[in-house]
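A.B. asks: The structure that follows is given in the form of structure tokens.
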Amino acid sequence: MADAESIVSNFIEKIIINDMESGVIKAPVTRFPPEPNGYLHIGHAKSICLNFGLAEQFGGGCNLRFDDTNPAKEETEYVESIMNDVKWLGFQWTNLCHASDYFDRFYEWALDLIKAGKAYVDDQSSEEIRRNRGTLTQPGVESPYRGRSVEENLDLFDRMAKGEFDEGSKVLRAKIDMASSNINMRDPVMYRILKREHYRTGDKWRVYPMYDYAHGYEDAIEGVTHSVCTLEFQDHRPLYDWFIENVNVPHVPRQYEFARLNLSYTVMSKRRLLELVASKIVSGWDDPRMPTISGFRRRGYTPSSIRRFCREIGVARADSMVDIEFLQHFLREELNKTALRVMAVLRPLKVTLTNWPENFVDELPADNNPEDENAGTRTIKMGREIYIDREDFMEEPVKGFFRLAPGREVRLKHAYMITCTDVVKDAAGEVVELRCAADIESRGGNAPDGRKVKGTLHWVWAGDAVPAKVNLYAHLFTLRNMSEMEEGKDYRDYLNPQSLVALENALLEPSLAKAKPLDNFQFLRHGYFCADTDMTEANPVFNLTVSLKDSWAKESGKQS
């Protein structure tokens, strides 16, 4: 560890280095402990990268632990999705653990605390407990049941565990200090009655531990050396330590806190995300507009871009807002190097080349990715009828519009130069077809006389174009910082009505019909897209991953 300081990039790394150099530990043991009550989001990705990354960096281990102490909200579906997300991000856990593995030991430690006079059964309702807890400026009021004898508490807790009492009628509380300046220390609840079947333990238990009670003990059992949490747990650390100090644990862990990830135009409350799914505002947890890891994956984000993003934003002690454009910047940098270039017409407008040789189909070479010399080339076909994007034609062009217009010449990407000679409209006056003359001598897009044109358009040939659905995604919310909602407003008031625009009649290069789900492409002049998870050759579906424009690089003075 002589050169350890040279690799330090955050305060947690420095703590680990000091612990290793002083002989406190040989190597760190960390854990990633999600509750399986929803899908992981991008904030969890930061914690995953940090905890697993620290273990890898210093030759230690990281456990994946499910904090499954609330059977009312937890499901096997969530467990499986969490495991898939961790693997997709590129990490492998040392041990797969569950809080429910330790329920018997938690119960025994609760008995130890009761016997030591440090826990009691309270008959107050949750509302009474909340009301009597006090405020930041006023001490709490002791429960009238706080003075129960050890024998009575042991009997009542045993009967709670046997299911003799109704849910909400009794709880087990730690007896600490109702006048503590830290509200978390004012006799916190340790166990509550829940007559629910647990997805792993079935109906064995009728009482379940609270997270604050179980958290430290899980770390102690697993030998966790550095229990890394987000800042909201900072005020819980004295309670974490109190539970550890007051029973005989096999190992003493330490908790450290870091700033959670707040991303612009996003909410990351599991409750709100669940509401978005349940109310069908989004199509599911993996809707590409969701900030879930599965949502980012379906939208076409790569695990390496997310890992790099989490590394670059760093680990700090103070919360801050990170622009989603920063994440998009890293994704663009990667896709620019790796994504195949293809042509896709999202809003088709027919073009007939009136002077094109009858029944002639040309085969033209096209680069797959000019950024990758090993990407090779492909062959694209062109005939008499092609399609361009409707936005690439303007009957009365405005200043600065250099694309197709009556009498104007443009270049077709990889192909020929064409000039618009006639405009065909339907009965309603809408343009339905353009008639153009091709410069047959300009194959490859270069005129033999050396003349220049300003506009270059992408296109597809009518003879082999593949019909497809293309989903254009934007921010789900219109407010950059969703923690700054106006008083009286709800997050639903900021939903973006244009967060999804589905184009049902797009036309694509024929090779795209063979794309596999999550394959990435650059649709020339449109952006980066990926094949949807529902993609089939018979029904192609593509999702906009990110636009070509890199606003973060422009604002920061960097090039993407």
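Naming works like this for the structure tokens: A, B, ... for the chains as they're shown, residue 1 at the start of each chain, ligands 1 onward in shown order.
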So that I can check the secondary structure, give me every residue of range 402-509 of chain A assigned strand (DSSP E) by backbone DSSP, as a VMD selection string.

C.D. replies: chain A and resid 409 to 412 417 to 425 431 to 439 456 to 457 460 to 461 466 to 473 500 to 508

A.B. asks: Can you tell me which residues surround Val453 in chain A at a distance of at most 7 Å, considering only C-alpha atoms, apart from same-chain residues fewer than 2 positions away, and format the answer as a short mmCIF file (atom, residue, chain, number, x, y, z; two decimals) with N, CA, C and O atoms, in the first residue's frame?

C.D. replies:
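File written: selection_17.cif
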data_model
loop_
_atom_site.label_atom_id
_atom_site.label_comp_id
_atom_site.auth_asym_id
_atom_site.auth_seq_id
_atom_site.Cartn_x
_atom_site.Cartn_y
_atom_site.Cartn_z
N GLU A 409 -31.09 21.61 -55.49
CA GLU A 409 -30.32 20.36 -55.60
C GLU A 409 -29.74 19.99 -54.23
O GLU A 409 -29.24 20.86 -53.49
N VAL A 410 -29.80 18.71 -53.91
CA VAL A 410 -29.20 18.19 -52.68
C VAL A 410 -28.45 16.89 -53.00
O VAL A 410 -28.60 16.33 -54.09
N ARG A 411 -27.68 16.43 -52.05
CA ARG A 411 -26.96 15.18 -52.19
C ARG A 411 -27.66 14.11 -51.35
O ARG A 411 -28.04 14.36 -50.21
N ARG A 451 -19.21 20.91 -58.79
CA ARG A 451 -20.12 21.85 -58.12
C ARG A 451 -20.46 21.34 -56.70
O ARG A 451 -20.45 20.14 -56.43
N GLY A 455 -26.78 20.74 -48.89
CA GLY A 455 -27.63 19.77 -48.19
C GLY A 455 -27.31 18.33 -48.54
O GLY A 455 -27.16 17.99 -49.71
#

A.B. asks: Residues at most 8 Å from Ala465 in chain A, counting only C-alpha atoms, excluding those fewer than 5 positions away in the same chain, as JSON, numbers by chain?

C.D. replies: {"A": [460, 507, 508, 509, 510]}

A.B. asks: Would you kindly return, as a list in words, each protein, DNA or RNA residue with an atom no farther than 12 Å from any atom of Leu503 in chain A, considering only C-alpha atoms and excluding same-chain residues fewer than 2 positions away?

C.D. replies: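 Answer for this query is Ala344, Val345, Leu346, Arg347, Pro348, Pro467, Ala468, Lys469, Val470, Asn471, Leu472, Tyr473, Leu500, Val501, Asn505, Ala506, Leu507, Pro540, Val541, Phe542, Asn543 and Leu544 of chain A.
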
A.B. asks: Can you work out which one of A:Met268, A:Gly429, A:Leu404, A:Arg105 has the shortest atom-to-atom distance to Ile293 in chain A, counting only C-alpha atoms?

C.D. replies: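 Of A:Met268, A:Gly429, A:Leu404, A:Arg105, the one nearest Ile293 in chain A, counting only C-alpha atoms, is A:Met268.
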
A.B. asks: Could you please determine the separation between CA of Asn446 in chain A and CA of Tyr528 in chain A in Å, to one decimal place?

C.D. replies: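 These atoms are spaced 27.2 Å apart.
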
A.B. asks: Could you state the separation of CA of Asn18 in chain A and CA of Gln255 in chain A in Å, given to one decimal place?

C.D. replies: 15.5 Å

A.B. asks: Hey, what's within 8 Å of Glu371 in chain A if we count only C-alpha atoms and toss same-chain stuff fewer than 6 positions away? As a ChimeraX atom specification, please?

C.D. replies: /A:336-338

A.B. asks: When DSSP is applied to the backbone of this structure, which of range 277-455 of chain A are assigned helix (DSSP H, G or I)? Write them out as a PyMOL selection string.

C.D. replies: chain A and resi 277-278+293-299+303-313+324-338+390-392+440-442

A.B. asks: For Ser169 in chain A, find every residue with an atom within 8 Å (counting only C-alpha atoms), except residues of its own chain fewer than 3 positions away, and show them as a list in words.

C.D. replies: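 Non-adjacent residues within range: Asp123, Gln124, Ser125, Phe165, Asp166 and Ile193 of chain A.
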
A.B. asks: For the selection you just gave me, I'd like the residues written to a file as a compact mmCIF listing (two decimals), in the first residue's frame, keeping C-alpha atoms.

C.D. replies:
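Now in selection-v3.txt:
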# COMPACT_ATOMS: atom_id res chain seq x y z
CA ASP A 123 -49.44 -0.92 23.25
CA GLN A 124 -49.65 2.60 21.81
CA SER A 125 -50.87 3.01 18.25
CA PHE A 165 -52.39 -10.02 18.75
CA ASP A 166 -53.71 -7.97 15.84
CA ILE A 193 -46.75 -7.41 13.96

A.B. asks: So which one's closest to Glu232 in chain A, A:His98, A:Arg186, A:His251, A:Arg260? Using only C-alpha atoms, please.

C.D. replies: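 Between A:His98, A:Arg186, A:His251, A:Arg260, the residue approaching Glu232 in chain A most closely is A:Arg260.
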
A.B. asks: Closest to Trp93 in chain A among A:Asp187, A:Glu56, A:Asp532, A:Glu333, using only C-alpha atoms?

C.D. replies: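 Closest candidate: A:Glu56.
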
A.B. asks: Ranking A:Pro291, A:Pro33, A:Gly147, A:Pro370 by minimum distance to Asp219 in chain A and counting only C-alpha atoms, which one comes first?

C.D. replies: A:Pro33
